[in-house]
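K.L.:
Structure: my_file-v8.cif, mmCIF, C-alpha atoms.
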```
data_coords
#
loop_
_atom_site.label_atom_id
_atom_site.label_comp_id
_atom_site.auth_asym_id
_atom_site.auth_seq_id
_atom_site.Cartn_x
_atom_site.Cartn_y
_atom_site.Cartn_z
CA MET A 7 -21.33 50.61 46.60
CA LEU A 8 -23.12 51.99 49.66
CA ARG A 9 -26.33 50.15 48.79
CA GLU A 10 -24.77 46.89 47.58
CA ASP A 11 -21.84 46.47 49.98
CA PRO A 12 -22.22 48.82 52.97
CA ASP A 13 -20.04 46.57 55.12
CA ARG A 14 -17.05 47.32 52.89
CA VAL A 15 -17.62 51.04 53.39
CA ARG A 16 -18.04 50.54 57.14
CA ALA A 17 -14.78 48.58 57.26
CA SER A 18 -13.00 51.38 55.38
CA GLN A 19 -14.30 54.00 57.81
CA ARG A 20 -13.30 51.82 60.74
CA ALA A 21 -9.78 51.32 59.34
CA ARG A 22 -9.40 55.09 59.01
CA GLY A 23 -10.60 55.65 62.58
CA GLU A 24 -13.51 57.67 61.20
CA ASP A 25 -17.24 57.72 61.88
CA VAL A 26 -18.80 54.35 60.96
CA ALA A 27 -22.31 55.65 61.80
CA LEU A 28 -21.98 57.95 58.80
CA VAL A 29 -22.62 54.93 56.55
CA ASP A 30 -26.04 54.22 58.11
CA ALA A 31 -26.92 57.91 58.08
CA LEU A 32 -26.08 57.97 54.37
CA LEU A 33 -28.13 54.87 53.60
CA SER A 34 -31.09 56.40 55.42
CA ALA A 35 -30.75 59.73 53.63
CA ASP A 36 -30.39 57.93 50.28
CA GLU A 37 -33.56 55.95 50.94
CA ARG A 38 -35.43 59.18 51.77
CA ARG A 39 -34.02 60.77 48.61
CA ARG A 40 -35.23 57.92 46.43
CA SER A 41 -38.63 57.52 48.09
CA SER A 42 -39.31 61.27 48.04
CA GLY A 43 -38.33 61.28 44.37
CA VAL A 44 -40.80 58.49 43.64
CA ARG A 45 -43.49 60.33 45.63
CA PHE A 46 -42.82 63.53 43.65
CA ASP A 47 -43.01 61.68 40.31
CA GLU A 48 -46.30 60.01 41.28
CA LEU A 49 -47.89 63.28 42.33
CA ARG A 50 -46.68 65.06 39.19
CA ALA A 51 -48.14 62.28 37.02
CA GLU A 52 -51.44 62.56 38.87
CA GLN A 53 -51.36 66.34 38.48
CA LYS A 54 -50.84 66.06 34.72
CA SER A 55 -53.67 63.53 34.37
CA LEU A 56 -55.96 65.77 36.35
CA GLY A 57 -54.98 68.73 34.18
CA LYS A 58 -56.31 66.87 31.14
CA LEU A 59 -59.66 66.11 32.82
CA ILE A 60 -60.48 69.62 34.04
CA PRO A 61 -61.15 71.19 30.59
CA LYS A 62 -63.62 68.37 29.80
CA ALA A 63 -65.55 68.70 33.08
CA ALA A 64 -68.40 71.05 34.00
CA GLY A 65 -70.45 72.13 36.98
CA ASP A 66 -69.92 70.40 40.32
CA GLU A 67 -67.53 67.88 38.80
CA LYS A 68 -65.26 70.65 37.52
CA ALA A 69 -65.40 72.44 40.86
CA GLU A 70 -64.41 69.23 42.63
CA LEU A 71 -61.55 68.65 40.18
CA LEU A 72 -60.30 72.23 40.60
CA LYS A 73 -60.37 71.76 44.39
CA LYS A 74 -58.41 68.53 44.02
CA ALA A 75 -55.96 70.30 41.68
CA GLU A 76 -55.25 72.94 44.30
CA GLN A 77 -54.50 70.27 46.88
CA LEU A 78 -52.30 68.40 44.42
CA LYS A 79 -50.41 71.61 43.66
CA ALA A 80 -49.61 71.99 47.37
CA ASP A 81 -48.70 68.30 47.66
CA VAL A 82 -46.36 68.49 44.64
CA LYS A 83 -44.67 71.58 46.07
CA ALA A 84 -44.18 69.83 49.43
CA ALA A 85 -42.89 66.66 47.76
CA ASP A 86 -40.48 68.72 45.66
CA ALA A 87 -39.16 70.38 48.83
CA ASP A 88 -38.82 66.98 50.54
CA ARG A 89 -36.94 65.60 47.54
CA ASP A 90 -34.56 68.56 47.43
CA ALA A 91 -33.95 68.40 51.19
CA ALA A 92 -33.24 64.66 51.07
CA ALA A 93 -30.94 65.09 48.05
CA SER A 94 -29.10 67.93 49.78
CA GLU A 95 -28.69 65.91 52.97
CA THR A 96 -27.40 62.93 51.00
CA GLN A 97 -24.88 65.10 49.18
CA ASP A 98 -23.71 66.77 52.40
CA LEU A 99 -23.15 63.37 54.02
CA LEU A 100 -21.39 61.99 50.92
CA LEU A 101 -18.91 64.87 51.07
CA LYS A 102 -18.02 63.77 54.61
CA LEU A 103 -17.25 60.22 53.52
CA SER A 104 -13.59 59.45 52.82
CA ASN A 105 -12.36 57.33 49.93
CA LEU A 106 -12.46 53.57 50.28
CA VAL A 107 -9.19 52.22 51.67
CA HIS A 108 -7.37 49.77 49.41
CA PRO A 109 -7.54 46.25 50.95
CA ASP A 110 -3.73 45.93 51.05
CA VAL A 111 -3.18 49.09 53.12
CA PRO A 112 -1.82 48.36 56.62
CA VAL A 113 -4.45 49.12 59.25
CA GLY A 114 -3.59 51.49 62.09
CA GLY A 115 -2.33 54.95 62.95
CA GLU A 116 0.64 57.05 61.96
CA GLU A 117 3.25 54.65 63.37
CA ASP A 118 1.70 51.50 61.86
CA PHE A 119 3.20 51.94 58.39
CA VAL A 120 5.07 49.14 56.62
CA THR A 121 8.60 49.77 55.29
CA LEU A 122 8.79 48.53 51.70
CA GLU A 123 12.31 49.53 50.61
CA THR A 124 15.45 51.25 51.87
CA HIS A 125 17.88 53.05 49.56
CA GLY A 126 21.34 54.57 49.97
CA ASP A 127 23.87 54.50 52.80
CA ILE A 128 23.58 56.48 56.00
CA ARG A 129 26.83 58.31 56.72
CA ASP A 130 28.77 57.49 59.86
CA PHE A 131 29.83 60.96 60.99
CA ASP A 132 31.64 59.55 64.02
CA ALA A 133 33.88 57.54 61.70
CA GLU A 134 34.49 60.69 59.67
CA GLY A 135 35.60 62.48 62.83
CA PHE A 136 33.04 65.27 63.20
CA ALA A 137 29.56 65.88 64.56
CA PRO A 138 27.01 66.88 61.90
CA LYS A 139 25.50 70.34 62.06
CA ASP A 140 21.76 70.75 61.59
CA HIS A 141 20.33 72.41 58.48
CA LEU A 142 19.69 75.76 60.17
CA GLU A 143 23.28 76.12 61.40
CA LEU A 144 24.55 75.11 57.98
CA GLY A 145 22.09 77.45 56.27
CA GLN A 146 23.29 80.35 58.40
CA LEU A 147 26.95 79.52 57.72
CA LEU A 148 26.23 79.46 53.98
CA GLY A 149 24.19 82.67 54.09
CA ALA A 150 21.30 80.59 52.73
CA ILE A 151 18.53 80.66 55.37
CA ASP A 152 17.23 83.53 57.53
CA VAL A 153 14.45 82.51 59.91
CA GLU A 154 14.90 85.42 62.32
CA ARG A 155 13.95 88.02 59.72
CA GLY A 156 11.26 85.66 58.41
CA ALA A 157 9.69 85.72 61.87
CA LYS A 158 10.15 89.49 62.12
CA VAL A 159 8.38 90.07 58.80
CA SER A 160 5.68 87.39 58.88
CA GLY A 161 5.72 85.48 62.18
CA SER A 162 6.81 82.03 63.24
CA ARG A 163 7.35 79.29 60.63
CA PHE A 164 8.22 81.80 57.90
CA TYR A 165 11.70 82.26 56.46
CA PHE A 166 13.86 83.85 53.79
CA LEU A 167 16.04 81.85 51.43
CA THR A 168 18.98 84.13 50.70
CA GLY A 169 21.98 84.02 48.40
CA VAL A 170 22.89 80.46 47.59
CA GLY A 171 19.72 79.29 49.40
CA ALA A 172 17.56 81.05 46.82
CA LEU A 173 19.75 79.68 44.02
CA LEU A 174 19.46 76.18 45.50
CA GLU A 175 15.66 76.39 45.39
CA LEU A 176 15.71 77.49 41.75
CA ALA A 177 18.13 74.67 40.92
CA LEU A 178 15.88 72.11 42.61
CA VAL A 179 12.77 73.36 40.84
CA ASN A 180 14.45 73.42 37.44
CA ALA A 181 16.00 69.98 37.89
CA ALA A 182 12.69 68.51 39.09
CA MET A 183 10.82 70.06 36.16
CA ALA A 184 13.47 68.73 33.76
CA GLN A 185 12.98 65.19 35.10
CA ALA A 186 9.19 65.49 34.93
CA THR A 187 9.26 66.88 31.41
CA ALA A 188 11.58 64.09 30.27
CA ALA A 189 9.06 61.60 31.71
CA GLY A 190 6.26 63.11 29.62
CA PHE A 191 4.63 65.47 32.11
CA THR A 192 3.28 68.81 30.88
CA PRO A 193 4.78 71.62 33.01
CA MET A 194 2.15 73.83 34.65
CA LEU A 195 2.28 77.04 36.69
CA THR A 196 -0.95 76.93 38.68
CA PRO A 197 -3.12 79.39 40.62
CA ALA A 198 -2.47 79.58 44.37
CA LEU A 199 -6.05 80.76 45.06
CA VAL A 200 -9.00 78.49 44.26
CA ARG A 201 -12.77 78.50 44.67
CA PRO A 202 -14.52 76.43 47.37
CA GLN A 203 -15.75 73.81 44.89
CA SER A 204 -12.16 73.13 43.81
CA MET A 205 -10.98 72.69 47.40
CA ALA A 206 -13.99 70.58 48.43
CA GLY A 207 -13.82 68.48 45.27
CA THR A 208 -10.26 67.39 45.98
CA GLY A 209 -11.12 66.49 49.59
CA PHE A 210 -9.33 69.28 51.45
CA LEU A 211 -12.35 70.74 53.26
CA GLY A 212 -12.97 67.62 55.30
CA GLN A 213 -10.46 66.45 57.90
CA ALA A 214 -7.80 68.79 56.43
CA ALA A 215 -9.95 71.93 56.69
CA GLN A 216 -8.19 73.13 59.85
CA ASP A 217 -4.92 73.38 57.89
CA VAL A 218 -6.36 75.52 55.09
CA TYR A 219 -6.14 79.32 54.79
CA HIS A 220 -9.45 80.93 53.73
CA LEU A 221 -9.91 84.50 52.46
CA ASP A 222 -13.37 85.36 53.80
CA LYS A 223 -13.77 88.57 51.82
CA ASP A 224 -13.24 86.81 48.49
CA ASP A 225 -14.40 83.30 49.45
CA LEU A 226 -11.19 81.86 48.03
CA TYR A 227 -8.76 79.34 49.50
CA LEU A 228 -4.96 79.33 49.44
CA VAL A 229 -3.85 75.93 48.18
CA GLY A 230 -1.74 73.64 50.34
CA THR A 231 -0.57 71.90 47.16
CA SER A 232 -0.96 72.44 43.42
CA GLU A 233 -2.81 69.10 43.42
CA VAL A 234 -5.97 71.14 44.04
CA ALA A 235 -5.63 73.28 40.92
CA LEU A 236 -4.42 70.36 38.81
CA ALA A 237 -7.36 68.17 39.87
CA ALA A 238 -9.88 70.96 39.24
CA TYR A 239 -8.27 71.84 35.89
CA HIS A 240 -10.65 69.46 34.09
CA MET A 241 -13.62 70.01 36.44
CA ASP A 242 -17.02 69.48 34.71
CA GLU A 243 -15.34 68.05 31.61
CA ILE A 244 -15.65 64.79 29.67
CA LEU A 245 -12.26 63.65 28.34
CA ASP A 246 -11.80 61.30 25.41
CA ALA A 247 -10.22 57.99 26.43
CA ASP A 248 -7.49 58.28 23.80
CA ARG A 249 -6.13 61.36 25.64
CA LEU A 250 -5.30 59.29 28.72
CA PRO A 251 -3.06 59.18 30.59
CA LEU A 252 -2.84 62.92 31.12
CA ARG A 253 0.15 63.90 33.24
CA TYR A 254 0.87 67.38 34.59
CA ALA A 255 3.77 68.71 36.67
CA GLY A 256 2.61 71.74 38.63
CA PHE A 257 4.76 74.33 40.35
CA SER A 258 3.16 76.59 42.94
CA PRO A 259 3.55 78.13 46.36
CA CYS A 260 1.82 76.07 49.06
CA PHE A 261 0.22 77.41 52.23
CA ARG A 262 -0.53 75.38 55.36
CA ARG A 263 -1.67 76.57 58.76
CA GLU A 264 0.06 73.58 60.40
CA ALA A 265 -2.76 73.43 62.93
CA GLY A 266 -2.03 70.96 65.68
CA SER A 267 1.73 71.06 65.10
CA HIS A 268 2.50 73.35 68.06
CA GLY A 269 5.96 72.48 69.37
CA LYS A 270 6.77 70.18 66.41
CA ASP A 271 9.75 70.95 64.18
CA THR A 272 9.93 74.54 65.35
CA ARG A 273 13.61 74.91 64.45
CA GLY A 274 14.55 75.82 60.91
CA ILE A 275 12.51 75.27 57.76
CA PHE A 276 11.31 71.68 58.01
CA ARG A 277 7.69 72.54 58.92
CA VAL A 278 6.62 75.96 57.62
CA HIS A 279 3.49 77.88 56.61
CA GLN A 280 4.59 78.69 53.06
CA PHE A 281 6.81 76.76 50.66
CA ASP A 282 7.20 75.95 46.98
CA LYS A 283 6.65 72.53 45.47
CA VAL A 284 6.75 70.62 42.20
CA GLU A 285 3.80 68.21 42.10
CA MET A 286 3.05 65.38 39.66
CA PHE A 287 -0.59 64.73 38.80
CA SER A 288 -2.13 62.01 36.62
CA TYR A 289 -5.53 61.31 35.08
CA VAL A 290 -5.92 57.65 34.09
CA ALA A 291 -8.58 55.01 33.51
CA PRO A 292 -9.63 53.49 36.88
CA GLU A 293 -8.23 50.07 35.99
CA ASP A 294 -4.82 51.67 35.39
CA SER A 295 -4.56 53.59 38.66
CA GLN A 296 -2.53 51.02 40.63
CA ALA A 297 0.06 50.73 37.84
CA GLU A 298 0.22 54.54 37.59
CA HIS A 299 0.71 54.73 41.36
CA GLN A 300 3.80 52.54 41.03
CA ARG A 301 5.08 54.74 38.19
CA LEU A 302 4.71 57.90 40.30
CA LEU A 303 6.59 56.18 43.12
CA GLU A 304 9.39 55.20 40.72
CA TRP A 305 9.73 58.81 39.54
CA GLU A 306 9.98 59.97 43.16
CA LYS A 307 12.64 57.34 43.88
CA GLN A 308 14.53 58.40 40.76
CA TRP A 309 14.51 62.00 42.00
CA LEU A 310 15.73 61.24 45.51
CA THR A 311 18.38 58.87 44.16
CA SER A 312 19.63 61.61 41.82
CA LEU A 313 20.01 63.87 44.88
CA GLU A 314 22.14 61.13 46.45
CA LEU A 315 19.97 60.97 49.57
CA PRO A 316 19.47 57.90 51.76
CA PHE A 317 15.73 57.21 51.99
CA ARG A 318 13.10 54.59 52.63
CA VAL A 319 9.67 53.92 51.11
CA ILE A 320 6.72 53.26 53.41
CA ASP A 321 3.18 52.03 52.81
CA VAL A 322 1.18 54.53 54.87
CA ALA A 323 -1.30 53.09 57.38
CA SER A 324 -5.05 53.55 56.97
CA GLY A 325 -5.46 56.11 59.75
CA ASP A 326 -2.86 58.41 58.18
CA LEU A 327 -4.01 58.40 54.57
CA GLY A 328 -5.92 61.64 54.10
CA SER A 329 -9.55 61.55 53.00
CA SER A 330 -8.98 61.38 49.23
CA ALA A 331 -6.34 58.61 49.14
CA ALA A 332 -7.16 54.94 48.79
CA ARG A 333 -3.47 54.16 49.20
CA LYS A 334 -0.38 56.29 49.82
CA TYR A 335 3.36 55.71 49.68
CA ASP A 336 5.81 58.11 51.36
CA CYS A 337 9.50 58.45 50.61
CA GLU A 338 11.31 59.49 53.78
CA ALA A 339 14.87 60.83 53.70
CA TRP A 340 17.35 60.28 56.50
CA ILE A 341 17.97 63.45 58.52
CA PRO A 342 21.31 62.96 60.35
CA THR A 343 20.81 65.40 63.24
CA GLN A 344 17.35 63.98 63.97
CA GLY A 345 18.59 60.41 63.68
CA LYS A 346 15.48 59.32 61.79
CA TYR A 347 13.73 59.25 58.45
CA ARG A 348 11.36 62.12 57.64
CA GLU A 349 8.82 62.48 54.85
CA LEU A 350 10.11 64.19 51.71
CA THR A 351 7.70 62.99 49.03
CA SER A 352 4.31 61.31 48.98
CA THR A 353 2.18 59.74 46.26
CA SER A 354 -1.52 58.91 46.54
CA ASP A 355 -3.92 56.87 44.44
CA CYS A 356 -7.24 58.72 44.79
CA THR A 357 -9.10 56.28 42.49
CA GLU A 358 -12.43 57.86 41.40
CA PHE A 359 -12.92 59.88 44.59
CA GLN A 360 -11.91 63.31 43.25
CA SER A 361 -13.26 62.85 39.73
CA ARG A 362 -16.74 62.03 41.03
CA ARG A 363 -16.77 65.10 43.27
CA LEU A 364 -15.38 67.34 40.51
CA SER A 365 -17.51 65.77 37.76
CA ILE A 366 -14.58 64.73 35.56
CA ARG A 367 -15.39 61.80 33.29
CA VAL A 368 -13.93 59.85 30.41
CA ARG A 369 -15.74 58.88 27.20
CA GLU A 370 -14.94 55.45 25.77
CA ASP A 371 -16.99 53.61 23.10
CA LYS A 372 -19.86 56.07 23.58
CA LYS A 373 -19.95 55.29 27.31
CA VAL A 374 -19.11 57.90 29.94
CA ARG A 375 -17.69 57.05 33.38
CA PRO A 376 -15.53 58.61 36.13
CA LEU A 377 -11.76 58.35 35.78
CA ALA A 378 -9.01 58.01 38.40
CA THR A 379 -6.69 60.74 39.66
CA LEU A 380 -3.30 60.37 41.33
CA ASN A 381 -0.80 62.80 42.77
CA GLY A 382 2.84 62.63 43.80
CA THR A 383 5.26 65.14 45.28
CA LEU A 384 8.38 65.44 43.20
CA CYS A 385 10.10 68.20 45.18
CA ALA A 386 8.87 69.99 48.30
CA VAL A 387 11.64 72.57 48.41
CA PRO A 388 12.38 73.38 52.09
CA ARG A 389 12.45 69.76 53.27
CA THR A 390 14.62 68.81 50.31
CA ILE A 391 17.04 71.60 51.19
CA VAL A 392 17.11 70.31 54.78
CA ALA A 393 18.02 66.81 53.57
CA ILE A 394 20.66 68.03 51.10
CA LEU A 395 22.41 70.32 53.57
CA GLU A 396 22.56 67.74 56.36
CA ASN A 397 23.47 64.70 54.25
CA HIS A 398 26.06 66.40 52.04
CA GLN A 399 27.76 68.57 54.65
CA GLN A 400 31.51 68.52 55.21
CA ALA A 401 33.54 69.11 58.36
CA ASP A 402 34.26 72.79 57.55
CA GLY A 403 30.56 73.65 57.15
CA SER A 404 30.62 73.51 53.36
CA VAL A 405 28.11 71.37 51.47
CA ARG A 406 28.76 69.16 48.46
CA VAL A 407 26.31 69.76 45.58
CA PRO A 408 24.74 66.61 44.07
CA GLU A 409 25.75 66.21 40.43
CA VAL A 410 22.18 66.53 39.15
CA LEU A 411 21.98 70.09 40.50
CA ARG A 412 25.37 71.36 39.31
CA PRO A 413 24.26 72.43 35.82
CA TYR A 414 21.60 74.62 37.48
CA LEU A 415 24.16 76.20 39.84
CA GLY A 416 26.67 77.28 37.22
CA GLY A 417 28.69 74.09 37.63
CA ARG A 418 29.28 74.74 41.34
CA GLU A 419 30.38 71.58 43.16
CA ILE A 420 30.66 72.96 46.71
CA LEU A 421 28.59 75.49 48.65
CA GLU A 422 31.10 77.41 50.75
CA PRO A 423 30.47 79.19 54.07
CA VAL A 424 30.29 82.96 53.69
CA THR A 425 32.28 85.47 55.73
CA LYS A 426 29.95 87.72 57.72
#
```
Could I get this structure in the form of structure tokens?

P.N.:
Amino acid sequence: MLREDPDRVRASQRARGEDVALVDALLSADERRRSSGVRFDELRAEQKSLGKLIPKAAGDEKAELLKKAEQLKADVKAADADRDAAASETQDLLLKLSNLVHPDVPVGGEEDFVTLETHGDIRDFDAEGFAPKDHLELGQLLGAIDVERGAKVSGSRFYFLTGVGALLELALVNAAMAQATAAGFTPMLTPALVRPQSMAGTGFLGQAAQDVYHLDKDDLYLVGTSEVALAAYHMDEILDADRLPLRYAGFSPCFRREAGSHGKDTRGIFRVHQFDKVEMFSYVAPEDSQAEHQRLLEWEKQWLTSLELPFRVIDVASGDLGSSAARKYDCEAWIPTQGKYRELTSTSDCTEFQSRRLSIRVREDKKVRPLATLNGTLCAVPRTIVAILENHQQADGSVRVPEVLRPYLGGREILEPVTK
């Protein structure tokens, strides 16, 4: 693609607001890699030919050939080093290049998204005769959220879910896993620590590197999403085409430094350093990725509808995609006390970007090629709790439980304030 249509790659970089000069640097490095490879092959061929002549020669001729062989040996060594250096440079630059943006993605920054759908009704609390409380006040009334002790124990943006708050998380996780399993996903409990090649292969050591926790002593990374482990699960494997699509639903803790978010969402548990999440992940043939992307979005919409939340679906703009996504849809739930929609789930079509970096391929009719990977949040727990508490609150501080969660809460229909 870089060699045959570099303008398309330049346009993608430009749409993302990323370095367009990287394309020319890559083309130059690739040319050096190929030319140094040709030079190495030529010298090696000459060296082998010379090696066959030396045993047949004698006297001055043999001495001259031996002298030439010594020079060739040095030249081959230098050419080998040049080839390796050019290949290394090419690979380093390739790892900095983001995925190609899908042509239908709206161009622009974070606020340039396109709203595709709106679902559910936003409650009119004025008409109901009371002002809505925010999720933290409700969480404290219910004995469900403790951010003060979270900060005491671990620092800012940490929290405890207590009592019914802990039970609500478990209900959400179990209900989400039940939906995913019914849809054909294989449930997975994934590692929270991964090696550098897993993190780099999924695209999280590029522009997202500042948000990642790294354990220097062990050279391991804490995942920000189980997408990393699920993508690397088949690293360095060739999968048979008749196994596709492969769909996994991973549950894991997620860790994010939230670099650059100083002053944003500091109240409550909307933006935190550690949270639990159920993540959908698919491996499909590249030609099926767009259809699979729509399926993942439908499963997310099904989930949010079952929680009886008002939400909208947006087509995320090019500058807000993340390096691995060719296209991304977000589902944003209405948060009454903020008076706006906020992201609850997200699904990305990563096309062949991750599979190429992780060396995951598919075998079909004796041919081997990269496959496509996609991911989609099903339930990011804290934000979902925020949306449930605020949208289903009642005037007395109690919260109505959506029907889908009641079987996982012992049939409980209402979360009642606790007496302190």

K.L.:
To one decimal in Å, tell me the separation between CA of Glu48 in chain A and CA of Glu10 in chain A.

P.N.:
26.0 Å

K.L.:
Given the file shown, determine the residues that the PyMOL selection byres ((chain A and resi 366) around 7) selects; report them as a PDB file with C-alpha atoms, in the coordinates of the input.

P.N.:
```
ATOM      1  CA  HIS A 240     -10.650  69.460  34.090  1.00  0.00           C
ATOM      2  CA  MET A 241     -13.620  70.010  36.440  1.00  0.00           C
ATOM      3  CA  ASP A 242     -17.020  69.480  34.710  1.00  0.00           C
ATOM      4  CA  GLU A 243     -15.340  68.050  31.610  1.00  0.00           C
ATOM      5  CA  ILE A 244     -15.650  64.790  29.670  1.00  0.00           C
ATOM      6  CA  SER A 361     -13.260  62.850  39.730  1.00  0.00           C
ATOM      7  CA  ARG A 362     -16.740  62.030  41.030  1.00  0.00           C
ATOM      8  CA  LEU A 364     -15.380  67.340  40.510  1.00  0.00           C
ATOM      9  CA  SER A 365     -17.510  65.770  37.760  1.00  0.00           C
ATOM     10  CA  ARG A 367     -15.390  61.800  33.290  1.00  0.00           C
ATOM     11  CA  PRO A 376     -15.530  58.610  36.130  1.00  0.00           C
ATOM     12  CA  LEU A 377     -11.760  58.350  35.780  1.00  0.00           C
TER      13      LEU A 377
END
```

K.L.:
I'd like the contact shell of range 132-140 of chain A - 10 Å cut-off, all atoms listed in the file, skipping same-chain residues fewer than 5 positions apart - returned as a PDB file with C-alpha atoms, in the frame of the given file.

P.N.:
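result.pdb written:
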```pdb
ATOM      1  CA  GLY A 145      22.090  77.450  56.270  1.00  0.00           C
ATOM      2  CA  ARG A 273      13.610  74.910  64.450  1.00  0.00           C
ATOM      3  CA  GLY A 274      14.550  75.820  60.910  1.00  0.00           C
ATOM      4  CA  ILE A 341      17.970  63.450  58.520  1.00  0.00           C
ATOM      5  CA  PRO A 342      21.310  62.960  60.350  1.00  0.00           C
ATOM      6  CA  THR A 343      20.810  65.400  63.240  1.00  0.00           C
ATOM      7  CA  GLN A 344      17.350  63.980  63.970  1.00  0.00           C
ATOM      8  CA  VAL A 392      17.110  70.310  54.780  1.00  0.00           C
ATOM      9  CA  ALA A 393      18.020  66.810  53.570  1.00  0.00           C
ATOM     10  CA  LEU A 395      22.410  70.320  53.570  1.00  0.00           C
ATOM     11  CA  GLU A 396      22.560  67.740  56.360  1.00  0.00           C
ATOM     12  CA  ASN A 397      23.470  64.700  54.250  1.00  0.00           C
ATOM     13  CA  HIS A 398      26.060  66.400  52.040  1.00  0.00           C
ATOM     14  CA  GLN A 399      27.760  68.570  54.650  1.00  0.00           C
ATOM     15  CA  GLN A 400      31.510  68.520  55.210  1.00  0.00           C
ATOM     16  CA  ALA A 401      33.540  69.110  58.360  1.00  0.00           C
ATOM     17  CA  ASP A 402      34.260  72.790  57.550  1.00  0.00           C
ATOM     18  CA  GLY A 403      30.560  73.650  57.150  1.00  0.00           C
TER      19      GLY A 403
END
```

K.L.:
I'd like to see the residues matched by the PyMOL selection byres ((chain A and resi 34) around 12) on this file, and ideally I'd get them as a list in words.

P.N.:
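That selection, the PyMOL selection byres ((chain A and resi 34) around 12), comes back as Leu8, Arg9, Pro12, Ala27, Leu28, Val29, Asp30, Ala31, Leu32, Leu33, Ala35, Asp36, Glu37, Arg38, Arg39, Arg40, Ser41, Ala92, Ala93, Glu95, Thr96 and Leu99 of chain A.
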
K.L.:
Write the residues of the preceding selection, restricted to C-alpha atoms, as a PDB file, in the frame of the given file.

P.N.:
```pdb
ATOM      1  CA  LEU A   8     -23.120  51.990  49.660  1.00  0.00           C
ATOM      2  CA  ARG A   9     -26.330  50.150  48.790  1.00  0.00           C
ATOM      3  CA  PRO A  12     -22.220  48.820  52.970  1.00  0.00           C
ATOM      4  CA  ALA A  27     -22.310  55.650  61.800  1.00  0.00           C
ATOM      5  CA  LEU A  28     -21.980  57.950  58.800  1.00  0.00           C
ATOM      6  CA  VAL A  29     -22.620  54.930  56.550  1.00  0.00           C
ATOM      7  CA  ASP A  30     -26.040  54.220  58.110  1.00  0.00           C
ATOM      8  CA  ALA A  31     -26.920  57.910  58.080  1.00  0.00           C
ATOM      9  CA  LEU A  32     -26.080  57.970  54.370  1.00  0.00           C
ATOM     10  CA  LEU A  33     -28.130  54.870  53.600  1.00  0.00           C
ATOM     11  CA  ALA A  35     -30.750  59.730  53.630  1.00  0.00           C
ATOM     12  CA  ASP A  36     -30.390  57.930  50.280  1.00  0.00           C
ATOM     13  CA  GLU A  37     -33.560  55.950  50.940  1.00  0.00           C
ATOM     14  CA  ARG A  38     -35.430  59.180  51.770  1.00  0.00           C
ATOM     15  CA  ARG A  39     -34.020  60.770  48.610  1.00  0.00           C
ATOM     16  CA  ARG A  40     -35.230  57.920  46.430  1.00  0.00           C
ATOM     17  CA  SER A  41     -38.630  57.520  48.090  1.00  0.00           C
ATOM     18  CA  ALA A  92     -33.240  64.660  51.070  1.00  0.00           C
ATOM     19  CA  ALA A  93     -30.940  65.090  48.050  1.00  0.00           C
ATOM     20  CA  GLU A  95     -28.690  65.910  52.970  1.00  0.00           C
ATOM     21  CA  THR A  96     -27.400  62.930  51.000  1.00  0.00           C
ATOM     22  CA  LEU A  99     -23.150  63.370  54.020  1.00  0.00           C
TER      23      LEU A  99
END
```

K.L.:
Taking the file as I've supplied it (selection: the PyMOL selection byres ((chain A and resi 184-200) around 6)), which residues are included? Please answer as a count of residues only.

P.N.:
14

K.L.:
One number please: CA of Ser18 in chain A to CA of Thr121 in chain A, in Å, one decimal.

P.N.:
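Pair CA of Ser18 in chain A / CA of Thr121 in chain A returns 21.7 Å.
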
K.L.:
Quick one: everything within 12 Å of Gln308 in chain A, counting all atoms listed in the file, minus sequence neighbours fewer than 3 positions away in the same chain. Send it as JSON, numbers by chain.

P.N.:
{"A": [125, 182, 185, 186, 189, 301, 302, 303, 304, 305, 311, 312, 313, 314, 315, 317, 337, 351, 384, 385, 410]}

K.L.:
Between CA of Val322 in chain A and CA of Ala214 in chain A, what is the distance, to one decimal in Å?

P.N.:
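Here the two named atoms are 16.9 Å from each other.
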
K.L.:
Which residue is closest to Asn105 in chain A? Choose from A:Arg262, A:His279, A:Arg16, A:Arg318 and count all atoms listed in the file.

P.N.:
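Closest candidate: A:Arg16.
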
K.L.:
What lies within 9 Å of Gly171 in chain A using all atoms listed in the file, ignoring chain neighbours under 6 positions off, as a list in words?

P.N.:
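With the cut-off at 9 Å, the set is Gly145, Leu148, Gly149, Ala150, Ile151 and Ile391 of chain A.
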
K.L.:
Measuring between only C-alpha atoms, which one of A:Glu143, A:Asp271, A:Asp355, A:Asp326 shows the shortest distance to Pro423 in chain A?

P.N.:
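For Pro423 in chain A, the nearest of the candidates is A:Glu143.
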
K.L.:
Residues at most 8 Å from Leu49 in chain A, counting all atoms listed in the file, excluding those fewer than 6 positions away in the same chain, as a PyMOL selection string?

P.N.:
chain A and resi 78+81-82

K.L.:
Counting all atoms listed in the file, which of A:Leu122, A:Val368, A:Leu221, A:Ala172 gets nearest to Ala247 in chain A?

P.N.:
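The closest residue to Ala247 in chain A is A:Val368.
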
K.L.:
Of the candidates A:Glu338, A:Asp321, A:Asp66, A:Glu264, which shows the shortest atom-to-atom distance to Arg163 in chain A, using all atoms listed in the file?

P.N.:
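Looking only at the distances to Arg163 in chain A, the closest residue turns out to be A:Glu264.
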
K.L.:
Given only C-alpha atoms as the basis, pick out the residue of A:Val374, A:Ser354, A:Phe119, A:Pro292 nearest to Asp246 in chain A.

P.N.:
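For Asp246 in chain A, the nearest of the given residues is A:Val374.
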
K.L.:
Find the spatial neighbours of Glu233 in chain A, counting only C-alpha atoms, within a cut-off of 7 Å - ignore same-chain residues fewer than 2 positions away - and output them as a list in words.

P.N.:
Thr231, Ala235, Leu236, Ala237, Glu285, Phe287 and Asn381 of chain A
